[in-house]
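Containing mmCIF, C-alpha atoms: my_file_3.cif.
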```cif
data_upload
loop_
_atom_site.label_atom_id
_atom_site.label_comp_id
_atom_site.auth_asym_id
_atom_site.auth_seq_id
_atom_site.Cartn_x
_atom_site.Cartn_y
_atom_site.Cartn_z
CA MET A 42 25.02 2.52 17.05
CA LYS A 43 22.83 5.49 16.17
CA VAL A 44 19.40 4.63 14.86
CA LEU A 45 17.34 7.28 13.10
CA LEU A 46 13.60 6.65 13.34
CA ASN A 47 10.73 8.40 11.55
CA HIS A 48 7.14 9.35 12.41
CA PRO A 49 8.19 11.33 14.41
CA VAL A 50 11.84 11.87 13.46
CA ARG A 51 14.08 10.92 16.40
CA GLU A 52 17.40 9.26 17.09
CA VAL A 53 18.00 6.42 19.55
CA GLU A 54 21.13 4.57 20.61
CA VAL A 55 21.28 0.76 20.35
CA LYS A 56 24.20 -1.33 21.57
CA GLY A 57 26.11 -3.31 18.91
CA PRO A 58 27.21 -5.62 17.48
CA ARG A 59 23.80 -6.92 16.57
CA ARG A 60 21.95 -8.28 13.55
CA VAL A 61 19.34 -6.07 11.87
CA ARG A 62 16.53 -8.47 12.86
CA GLU A 63 17.56 -8.19 16.53
CA VAL A 64 17.61 -4.39 16.40
CA LEU A 65 14.10 -4.38 14.89
CA LYS A 66 12.89 -6.79 17.56
CA GLU A 67 14.35 -4.64 20.33
CA LEU A 68 12.61 -1.57 18.90
CA ASN A 69 9.38 -3.56 18.53
CA LEU A 70 9.22 -3.01 14.76
CA LEU A 71 7.83 -5.42 12.17
CA PRO A 72 10.33 -6.24 9.38
CA GLU A 73 7.43 -6.10 6.89
CA SER A 74 6.71 -2.45 7.81
CA VAL A 75 10.20 -0.95 7.47
CA LEU A 76 13.38 -0.71 5.42
CA VAL A 77 16.79 -0.42 7.03
CA VAL A 78 19.18 1.99 5.32
CA ARG A 79 22.92 2.30 6.04
CA GLY A 80 24.51 5.16 4.11
CA ASP A 81 22.90 4.91 0.67
CA ASP A 82 22.38 1.14 0.88
CA LEU A 83 19.56 -1.08 2.04
CA VAL A 84 20.59 -3.83 4.44
CA THR A 85 18.93 -7.20 4.94
CA GLU A 86 17.84 -8.72 8.26
CA ASP A 87 20.93 -10.89 8.68
CA GLU A 88 23.39 -7.98 8.36
CA LEU A 89 25.61 -7.41 11.38
CA LEU A 90 25.52 -3.83 12.68
CA ARG A 91 28.39 -2.44 14.75
CA ASP A 92 28.58 0.28 17.37
CA GLU A 93 30.06 2.78 14.92
CA ASP A 94 27.21 2.29 12.39
CA ARG A 95 24.51 4.86 11.78
CA ILE A 96 21.30 3.48 10.31
CA GLU A 97 17.91 4.84 9.34
CA ILE A 98 14.80 2.77 9.90
CA ARG A 99 12.38 4.00 7.28
CA PRO A 100 8.68 3.18 7.58
CA VAL A 101 7.12 1.96 4.35
CA ILE A 102 3.47 2.16 5.36
CA SER A 103 1.39 5.10 4.26
CA GLY A 104 -2.22 5.87 5.04
CA GLY A 105 -3.30 7.24 1.65
CA MET B 289 22.28 -12.68 2.38
CA ARG B 290 22.86 -13.36 -1.33
CA CYS B 291 20.69 -12.50 -4.31
CA ARG B 292 18.77 -15.64 -5.36
CA LYS B 293 19.23 -14.75 -9.00
CA CYS B 294 22.82 -13.55 -9.49
CA LYS B 295 24.38 -14.44 -6.08
CA GLY B 296 25.46 -10.81 -5.57
CA LYS B 297 24.88 -9.00 -2.26
CA ALA B 298 21.15 -8.90 -1.50
CA VAL B 299 19.48 -5.62 -0.49
CA LEU B 300 15.98 -6.96 0.14
CA ASP B 301 14.53 -10.27 1.22
CA ILE B 302 11.00 -11.08 0.09
CA PRO B 303 9.69 -13.85 2.34
CA ARG B 304 6.37 -14.19 0.45
CA HIS B 305 8.34 -15.31 -2.61
CA HIS B 306 11.05 -17.14 -0.60
CA THR B 307 13.63 -14.95 -2.28
CA ALA B 308 16.08 -12.06 -1.94
CA PHE B 309 17.44 -9.68 -4.56
CA CYS B 310 20.41 -7.39 -5.18
CA LYS B 311 19.78 -3.85 -6.48
CA ALA B 312 19.71 -4.75 -10.18
CA CYS B 313 17.63 -7.93 -9.75
CA LEU B 314 15.17 -6.11 -7.44
CA THR B 315 14.59 -3.47 -10.13
CA GLU B 316 14.11 -6.23 -12.69
CA PHE B 317 11.67 -8.07 -10.41
CA VAL B 318 9.59 -4.93 -9.72
CA CYS B 319 9.42 -3.99 -13.42
CA ALA B 320 8.44 -7.56 -14.34
CA GLN B 321 5.63 -7.56 -11.77
CA VAL B 322 4.28 -4.28 -13.15
CA GLU B 323 4.52 -5.52 -16.73
CA ARG B 324 2.66 -8.69 -15.73
CA ALA B 325 -0.08 -6.67 -13.98
CA ILE B 326 -0.53 -4.46 -17.05
CA ALA B 327 -0.75 -7.47 -19.37
CA GLU B 328 -2.94 -9.72 -17.20
CA GLU B 329 -5.44 -6.99 -16.42
CA ARG B 330 -5.29 -5.53 -19.95
CA MET B 331 -4.60 -2.10 -18.47
CA PHE B 332 -3.01 -0.29 -21.44
CA THR B 333 -0.44 -0.56 -24.22
CA THR B 334 2.38 1.68 -25.44
CA ALA B 335 -0.20 3.31 -27.76
CA ASP B 336 -2.20 4.69 -24.82
CA ARG B 337 -1.58 8.03 -23.10
CA VAL B 338 -1.35 7.40 -19.36
CA LEU B 339 -1.71 10.09 -16.70
CA VAL B 340 -0.09 9.06 -13.40
CA ALA B 341 -1.54 10.69 -10.27
CA VAL B 342 1.53 11.57 -8.20
CA SER B 343 1.65 12.64 -4.57
CA GLY B 344 5.40 12.90 -4.00
CA GLY B 345 5.30 9.59 -2.12
CA LYS B 346 7.23 6.41 -2.94
CA ASP B 347 4.41 4.56 -4.72
CA SER B 348 3.31 7.13 -7.26
CA LEU B 349 6.82 8.38 -8.11
CA SER B 350 8.05 4.79 -8.48
CA LEU B 351 5.06 3.97 -10.69
CA LEU B 352 5.88 6.91 -12.98
CA ASP B 353 9.53 5.83 -13.02
CA ILE B 354 8.70 2.19 -13.85
CA LEU B 355 6.16 3.01 -16.57
CA ARG B 356 8.60 5.29 -18.39
CA LYS B 357 11.38 2.74 -17.96
CA LEU B 358 9.09 0.16 -19.59
CA GLY B 359 8.48 2.51 -22.53
CA TYR B 360 4.93 3.69 -21.80
CA GLN B 361 3.71 7.22 -22.51
CA ALA B 362 3.26 8.32 -18.90
CA ASP B 363 2.94 11.91 -17.68
CA ALA B 364 2.28 13.24 -14.17
CA PHE B 365 -0.61 14.96 -12.39
CA TYR B 366 -0.35 16.47 -8.91
CA VAL B 367 -3.16 17.88 -6.75
CA ASP B 368 -1.90 20.50 -4.31
CA LEU B 369 -4.17 19.97 -1.31
CA GLY B 370 -2.84 23.01 0.56
CA ILE B 371 -1.78 21.08 3.70
CA GLY B 372 0.91 23.53 4.85
CA GLU B 373 4.48 22.27 4.99
CA TYR B 374 3.50 18.72 3.97
CA SER B 375 2.05 19.89 0.64
CA ARG B 376 4.96 22.27 0.05
CA GLN B 377 7.48 19.46 0.50
CA SER B 378 5.58 16.84 -1.49
CA LYS B 379 5.05 19.26 -4.40
CA GLU B 380 8.74 20.08 -4.38
CA LYS B 381 9.60 16.36 -4.63
CA VAL B 382 7.24 15.95 -7.60
CA GLU B 383 8.51 19.04 -9.39
CA ARG B 384 12.13 18.07 -8.83
CA TYR B 385 11.59 14.49 -10.06
CA THR B 386 9.64 15.46 -13.19
CA SER B 387 11.74 18.48 -14.20
CA ALA B 388 15.00 16.51 -13.89
CA ARG B 389 13.63 13.95 -16.36
CA GLY B 390 11.66 16.29 -18.60
CA ILE B 391 8.35 14.64 -17.74
CA PRO B 392 5.24 16.78 -18.40
CA LEU B 393 3.53 17.66 -15.09
CA HIS B 394 -0.01 18.97 -14.67
CA VAL B 395 -0.89 20.61 -11.35
CA HIS B 396 -4.26 21.39 -9.77
CA GLU B 397 -4.12 23.91 -6.91
CA LEU B 398 -7.02 23.49 -4.48
CA LYS B 399 -6.48 26.89 -2.84
CA GLU B 400 -6.47 28.60 -6.22
CA ASP B 401 -9.23 26.66 -7.97
CA GLU B 402 -11.56 25.75 -5.10
CA GLY B 403 -10.66 28.81 -3.01
CA ALA B 404 -9.59 26.84 0.09
CA GLY B 405 -7.25 24.04 1.17
CA ILE B 406 -8.51 20.55 2.03
CA ASN B 407 -8.70 21.12 5.81
CA ASP B 408 -10.81 24.29 5.45
CA LEU B 409 -13.09 22.65 2.89
CA ALA B 410 -13.66 19.63 5.17
CA ASP B 411 -14.49 21.99 8.07
CA LEU B 412 -16.96 23.90 5.91
CA VAL B 413 -18.89 20.80 4.87
CA HIS B 414 -18.54 19.05 8.27
CA ARG B 415 -17.11 15.88 6.76
CA PRO B 416 -13.95 13.92 7.62
CA THR B 417 -10.92 15.37 5.80
CA CYS B 418 -9.89 12.02 4.23
CA SER B 419 -13.39 11.54 2.80
CA VAL B 420 -13.47 15.05 1.25
CA CYS B 421 -9.91 14.51 -0.02
CA GLY B 422 -10.99 11.25 -1.72
CA THR B 423 -13.95 12.92 -3.44
CA LEU B 424 -11.86 15.85 -4.68
CA LYS B 425 -8.95 13.75 -5.87
CA ARG B 426 -11.11 11.21 -7.72
CA TYR B 427 -12.94 14.06 -9.43
CA HIS B 428 -9.84 15.95 -10.53
CA PHE B 429 -7.93 12.80 -11.53
CA ASN B 430 -10.68 11.83 -13.95
CA ARG B 431 -11.51 15.33 -15.15
CA THR B 432 -7.90 16.27 -15.83
CA ALA B 433 -7.19 12.98 -17.61
CA VAL B 434 -10.19 13.43 -19.91
CA GLU B 435 -9.67 17.16 -20.53
CA LYS B 436 -5.96 16.76 -21.28
CA GLY B 437 -6.51 13.84 -23.66
CA TYR B 438 -5.23 10.91 -21.56
CA ASN B 439 -7.35 7.78 -21.90
CA VAL B 440 -5.88 6.03 -18.84
CA LEU B 441 -5.45 7.28 -15.27
CA ALA B 442 -2.95 5.30 -13.17
CA THR B 443 -2.60 5.46 -9.40
CA GLY B 444 0.12 4.06 -7.14
CA HIS B 445 -2.14 1.77 -5.07
CA ASN B 446 -0.16 -1.30 -4.04
CA LEU B 447 -0.91 -4.75 -2.60
CA ASP B 448 -0.98 -3.42 0.98
CA ASP B 449 -3.43 -0.63 0.03
CA GLU B 450 -5.78 -3.03 -1.71
CA ALA B 451 -5.59 -5.74 0.96
CA ALA B 452 -6.25 -3.17 3.70
CA ARG B 453 -9.18 -1.68 1.81
CA LEU B 454 -10.60 -5.15 1.21
CA LEU B 455 -10.28 -5.96 4.91
CA GLY B 456 -12.07 -2.71 5.83
CA ASN B 457 -14.88 -3.35 3.35
CA ILE B 458 -15.36 -6.92 4.55
CA LEU B 459 -15.22 -6.03 8.23
CA HIS B 460 -18.08 -3.62 7.67
CA TRP B 461 -19.77 -5.78 5.00
CA GLN B 462 -19.66 -2.92 2.53
CA THR B 463 -20.25 -5.39 -0.29
CA GLU B 464 -21.37 -2.63 -2.68
CA TYR B 465 -17.73 -1.41 -2.76
CA LEU B 466 -16.23 -4.81 -3.57
CA GLU B 467 -17.14 -4.63 -7.25
CA LYS B 468 -14.90 -1.56 -7.67
CA GLN B 469 -11.92 -3.12 -5.88
CA GLY B 470 -10.28 -4.57 -8.96
CA PRO B 471 -7.04 -3.18 -10.43
CA THR B 472 -8.83 -1.98 -13.59
CA LEU B 473 -12.00 0.09 -13.86
CA PRO B 474 -13.34 0.48 -17.41
CA ASP B 475 -13.91 3.74 -19.29
CA SER B 476 -17.50 2.62 -19.58
CA VAL B 477 -19.13 5.95 -20.46
CA GLU B 478 -18.20 9.17 -22.24
CA GLY B 479 -16.27 11.37 -19.80
CA PHE B 480 -14.58 8.51 -17.92
CA ALA B 481 -10.89 7.65 -18.25
CA LYS B 482 -9.93 4.03 -17.60
CA LYS B 483 -8.56 3.69 -14.01
CA VAL B 484 -5.69 1.29 -13.34
CA LYS B 485 -3.50 0.24 -10.42
CA PRO B 486 -0.35 -1.33 -11.95
CA LEU B 487 1.35 -1.81 -8.53
CA TYR B 488 -1.27 -4.21 -7.14
CA ARG B 489 1.12 -7.18 -7.34
CA LEU B 490 3.79 -5.44 -5.23
CA ALA B 491 3.97 -4.94 -1.47
CA GLU B 492 4.58 -1.48 -0.09
CA ARG B 493 8.00 -2.53 1.21
CA GLU B 494 9.11 -3.76 -2.22
CA ILE B 495 8.13 -0.46 -3.84
CA ALA B 496 9.88 1.58 -1.12
CA ALA B 497 13.00 -0.53 -1.72
CA TYR B 498 12.72 0.10 -5.47
CA ALA B 499 12.55 3.87 -4.77
CA VAL B 500 15.63 3.76 -2.53
CA VAL B 501 17.82 1.69 -4.85
CA ASN B 502 16.80 3.77 -7.87
CA GLY B 503 17.57 7.07 -6.13
CA ILE B 504 14.00 8.36 -6.17
CA ASP B 505 13.75 11.20 -3.67
CA TYR B 506 10.25 10.84 -2.18
CA ILE B 507 8.51 12.31 0.84
CA VAL B 508 8.92 9.93 3.79
CA GLU B 509 6.74 12.10 6.02
CA GLU B 510 3.16 10.85 6.40
CA CYS B 511 0.21 13.13 5.55
CA PRO B 512 -0.68 14.79 8.90
CA ASN B 513 -4.36 14.02 8.27
CA ALA B 514 -3.68 10.26 8.01
CA GLN B 515 -2.57 9.92 11.64
CA GLY B 516 -4.84 7.43 13.34
CA ALA B 517 -6.49 6.56 10.02
CA LYS B 518 -8.21 3.16 9.90
CA MET B 519 -6.16 2.17 6.84
CA LEU B 520 -2.97 2.33 8.91
CA LEU B 521 -4.50 0.06 11.53
CA TYR B 522 -5.63 -2.47 8.93
CA LYS B 523 -2.18 -2.43 7.31
CA ASP B 524 -0.51 -2.99 10.65
CA ILE B 525 -2.78 -5.95 11.40
CA LEU B 526 -2.12 -7.46 7.96
CA ASN B 527 1.63 -6.98 8.39
CA ARG B 528 1.51 -8.82 11.72
CA LEU B 529 -0.17 -11.71 9.94
CA GLU B 530 2.31 -11.43 7.06
CA SER B 531 5.29 -11.60 9.44
CA GLU B 532 3.94 -14.81 10.98
CA SER B 533 2.73 -16.26 7.72
CA PRO B 534 4.40 -14.78 4.60
CA GLY B 535 2.06 -14.59 1.61
CA THR B 536 -1.07 -13.74 3.63
CA LYS B 537 -1.66 -10.37 1.96
CA GLN B 538 -1.38 -11.67 -1.58
CA ALA B 539 -3.48 -14.76 -0.78
CA PHE B 540 -6.17 -12.45 0.61
CA TYR B 541 -6.30 -9.87 -2.22
CA TRP B 542 -5.36 -12.03 -5.19
CA GLY B 543 -7.73 -14.72 -3.90
CA PHE B 544 -10.49 -12.12 -3.88
CA LEU B 545 -9.65 -11.14 -7.48
CA ALA B 546 -9.68 -14.78 -8.58
CA ARG B 547 -13.12 -15.29 -7.05
CA GLN B 548 -14.39 -12.13 -8.71
CA GLU B 549 -13.07 -13.34 -12.07
CA ALA B 550 -14.70 -16.76 -11.64
CA ASP B 551 -17.98 -15.10 -10.70
CA LYS B 552 -17.88 -12.71 -13.68
CA GLN B 553 -20.19 -14.65 -15.98
CA ALA B 554 -22.98 -14.62 -13.43
CA ARG B 555 -23.14 -10.83 -13.16
CA PRO B 556 -23.62 -7.98 -15.63
CA SER B 557 -20.25 -6.42 -16.49
CA MET B 558 -19.18 -3.26 -14.70
CA ALA B 559 -19.31 -1.39 -18.02
CA GLU B 560 -22.92 -2.53 -18.64
CA HIS B 561 -23.88 -1.56 -15.12
CA ASP B 562 -22.18 1.85 -15.45
CA ARG B 563 -23.91 2.56 -18.75
CA ALA B 564 -27.26 1.81 -17.11
CA VAL B 565 -26.82 4.08 -14.11
CA LEU B 566 -24.43 6.90 -15.12
CA HIS B 567 -25.27 10.15 -16.88
CA PRO B 568 -23.68 13.61 -17.05
CA CYS B 569 -23.81 15.79 -13.91
CA ALA B 570 -26.23 18.70 -14.45
CA THR B 571 -23.61 21.15 -13.18
CA CYS B 572 -20.23 19.99 -14.56
CA GLY B 573 -21.02 17.23 -17.06
CA GLN B 574 -18.86 14.56 -15.38
CA PRO B 575 -20.47 11.08 -15.16
CA THR B 576 -22.54 10.54 -12.01
CA THR B 577 -25.37 8.36 -10.70
CA GLY B 578 -27.34 11.29 -9.24
CA GLU B 579 -28.50 14.50 -10.86
CA ILE B 580 -25.52 16.38 -9.40
CA CYS B 581 -22.14 14.67 -8.81
CA SER B 582 -20.63 14.41 -5.31
CA TYR B 583 -17.94 16.97 -6.14
CA CYS B 584 -20.46 19.61 -7.23
CA LYS B 585 -22.68 18.85 -4.21
CA LEU B 586 -19.69 19.23 -1.92
CA MET B 587 -18.63 22.51 -3.50
CA ALA B 588 -22.19 23.88 -3.43
CA ARG B 589 -22.39 23.08 0.27
CA ALA B 590 -18.99 24.65 0.97
CA LYS B 591 -20.05 27.77 -0.91
CA LYS B 592 -23.37 28.00 0.93
CA ASP B 593 -21.89 27.44 4.41
CA GLY B 594 -18.61 29.27 3.89
CA PRO B 595 -17.76 32.95 3.63
CA ALA B 596 -19.04 34.19 0.26
CA THR B 597 -15.61 35.23 -0.96
CA THR B 598 -13.73 32.11 0.17
CA VAL B 599 -14.94 29.18 -1.89
CA SER B 600 -15.07 29.09 -5.66
CA PRO B 601 -17.72 26.91 -7.38
#
```

Kindly present the structure from the file in structure tokens form.
Amino acid sequence: MKVLLNHPVREVEVKGPRRVREVLKELNLLPESVLVVRGDDLVTEDELLRDEDRIEIRPVISGG
Amino acid sequence: MRCRKCKGKAVLDIPRHHTAFCKACLTEFVCAQVERAIAEERMFTTADRVLVAVSGGKDSLSLLDILRKLGYQADAFYVDLGIGEYSRQSKEKVERYTSARGIPLHVHELKEDEGAGINDLADLVHRPTCSVCGTLKRYHFNRTAVEKGYNVLATGHNLDDEAARLLGNILHWQTEYLEKQGPTLPDSVEGFAKKVKPLYRLAEREIAAYAVVNGIDYIVEECPNAQGAKMLLYKDILNRLESESPGTKQAFYWGFLARQEADKQARPSMAEHDRAVLHPCATCGQPTTGEICSYCKLMARAKKDGPATTVSP
């Protein structure tokens, strides 16, 4: 699957099928610090992601 | 995962509350938390005029959205810091959001009114950019609120912001700052608007989720000056603790507030203290503890050290 990351914006490939929580773990990201967006929808940690999916991992932490 | 409330498809799990919500129930939860914060901290009522300081980010735009949804009189104020592409994009988000909904927007342009953007001003006075930015924003937030007839100034500070700031203040034993860490600061003297933080009961992730499910187009990009900022480090540390032990952030910050409340009788109130130490700045008339306020001192220094034609007083 294609995973769009921010700060800086970049795209990485992760092998599916895999649950959201496993993808976050593989990318070393804390669930509390990000949202996972597929299309226009938010997906929860237990959601199964497939190879053909394209997701955005959006950071929620700001420094201001 | 199912929504705990309606059993529909969940879009966000909230481990600190042992729950998960669908889009509609998440919006309801977020609005209820804000309403509770406003009521418990006696922030304002529908009779008050509230100016919301917006940056184009998720917190401030969501706050404006929630307050209007709840029926409050909330308008927007944006400070254009002149940080190149970042400011251009964030201003565009604010203008687009407010114009689409017919929300009055006030704008302060640093380059126009101070004669230089935030980075140049910080260079001129040899101070860290984030510190100069804080001084300028606090000054203009209050001044604009008072001058435009708003009695309350609301900012989008959330639970993560407040917990991280508390951690920073405690790590360095900056106890003098703790008094001002509550979600409400009184309009104790003439020239001060009341300052409130209605999002203090909500985590950053919950607000970001609210923005996404409610179609709020905010700037995801981080301010380029915030890279490596201590606040980000403190937030990361707190989120590591939160992941291992959900509820840590709220126990830390809300626990602090509860202790402050219990200790209230023993100390003079913030309003009494303010009235004893604040008076109008000799230059601009805004309340200050010194003869000249920090904004006027900063601008005088920038004017003295900078090219004569660059910086306005």

Q: Apply the PyMOL selection byres ((chain A and resi 85) around 6) to the structure shown and report the selected residues as a count of residues only.
A: 6

Q: Considering all atoms listed in the file, state which residue in the set A:Glu54, A:Glu67, A:Glu97, A:Asn47 is at the smallest distance from chain B.
A: A:Asn47

Give me the residues of chain A that have any atom at most 7 Å from an atom of chain B; for each, the nearest atom pair and the distance in Å, rounded to one decimal. Use all atoms listed in the file, sort by chain and number, and format it as a tab-separated table.
```
residue	atom	partner	partner_atom	distance
A:His48	CA	B:Glu509	CA	7.0
A:Glu73	CA	B:Asn527	CA	6.1
A:Ser74	CA	B:Arg493	CA	6.7
A:Val75	CA	B:Arg493	CA	6.8
A:Leu83	CA	B:Val299	CA	5.2
A:Val84	CA	B:Val299	CA	5.4
A:Thr85	CA	B:Leu300	CA	5.6
A:Asp87	CA	B:Met289	CA	6.7
A:Val101	CA	B:Arg493	CA	5.5
A:Ile102	CA	B:Glu492	CA	6.6
A:Ser103	CA	B:Glu510	CA	6.4
A:Gly104	CA	B:Leu520	CA	5.3
```

File dump, residues just selected, C-alpha atoms, as a compact mmCIF listing (two decimals), keeping the file's coordinate frame:
```
# COMPACT_ATOMS: atom_id res chain seq x y z
CA HIS A 48 7.14 9.35 12.41
CA GLU A 73 7.43 -6.10 6.89
CA SER A 74 6.71 -2.45 7.81
CA VAL A 75 10.20 -0.95 7.47
CA LEU A 83 19.56 -1.08 2.04
CA VAL A 84 20.59 -3.83 4.44
CA THR A 85 18.93 -7.20 4.94
CA ASP A 87 20.93 -10.89 8.68
CA VAL A 101 7.12 1.96 4.35
CA ILE A 102 3.47 2.16 5.36
CA SER A 103 1.39 5.10 4.26
CA GLY A 104 -2.22 5.87 5.04
```

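Between atom CA of Ala312 of chain B and atom CA of Lys293 of chain B lies a distance of 10.1 Å.
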
Q. Atom CA of Ala433 of chain B and atom CA of Arg337 of chain B, how far apart in Å?
A.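 Interatomic distance here is 9.3 Å.
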
**Q.** Reference answer for the PyMOL selection byres ((chain B and resi 397) around 12), as a ChimeraX atom specification
**A.** /B:365-371,375-376,379,394-396,398-406,424-425,428

(Q) For this structure, which residues satisfy the selection - the PyMOL selection byres ((chain A and resi 76) around 7) - when it is evaluated on the file as given? I want them as an MDAnalysis selection string. (A) chainID A and resid 75 77:78 98:101

Spatial neighbours of Val434 of chain B, 12 Å, all atoms listed in the file, chain gap at least 6 places, as a tab-separated table (two decimals) with C-alpha atoms, in the frame of the given file:
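File part26.tsv, as written:
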```
chain	number	residue	atom	x	y	z
B	337	ARG	CA	-1.58	8.03	-23.10
B	338	VAL	CA	-1.35	7.40	-19.36
B	339	LEU	CA	-1.71	10.09	-16.70
B	427	TYR	CA	-12.94	14.06	-9.43
B	428	HIS	CA	-9.84	15.95	-10.53
B	440	VAL	CA	-5.88	6.03	-18.84
B	441	LEU	CA	-5.45	7.28	-15.27
B	475	ASP	CA	-13.91	3.74	-19.29
B	477	VAL	CA	-19.13	5.95	-20.46
B	478	GLU	CA	-18.20	9.17	-22.24
B	479	GLY	CA	-16.27	11.37	-19.80
B	480	PHE	CA	-14.58	8.51	-17.92
B	481	ALA	CA	-10.89	7.65	-18.25
B	482	LYS	CA	-9.93	4.03	-17.60
B	483	LYS	CA	-8.56	3.69	-14.01
B	573	GLY	CA	-21.02	17.23	-17.06
B	574	GLN	CA	-18.86	14.56	-15.38
B	575	PRO	CA	-20.47	11.08	-15.16
```

**Q.** Atom pair atom CA of Ser387 of chain B / atom CA of Ala499 of chain B: separation (Å)
**A.** 17.4 Å

Q.
Applying 12 Å and only C-alpha atoms, which residues near Arg356 of chain B remain after dropping the ones on its own chain fewer than 4 positions away? List them as a VMD selection string.
A. chain B and resid 319 322 to 323 334 337 to 340 349 to 352 360 to 364 386 389 to 392

Q) Which protein, DNA or RNA residues are at most 7 Å from (22.4, 5.2, 9.7) in the file's coordinates when you count only C-alpha atoms, listed as an MDAnalysis selection string? A) chainID A and resid 43:45 78:80 94:97
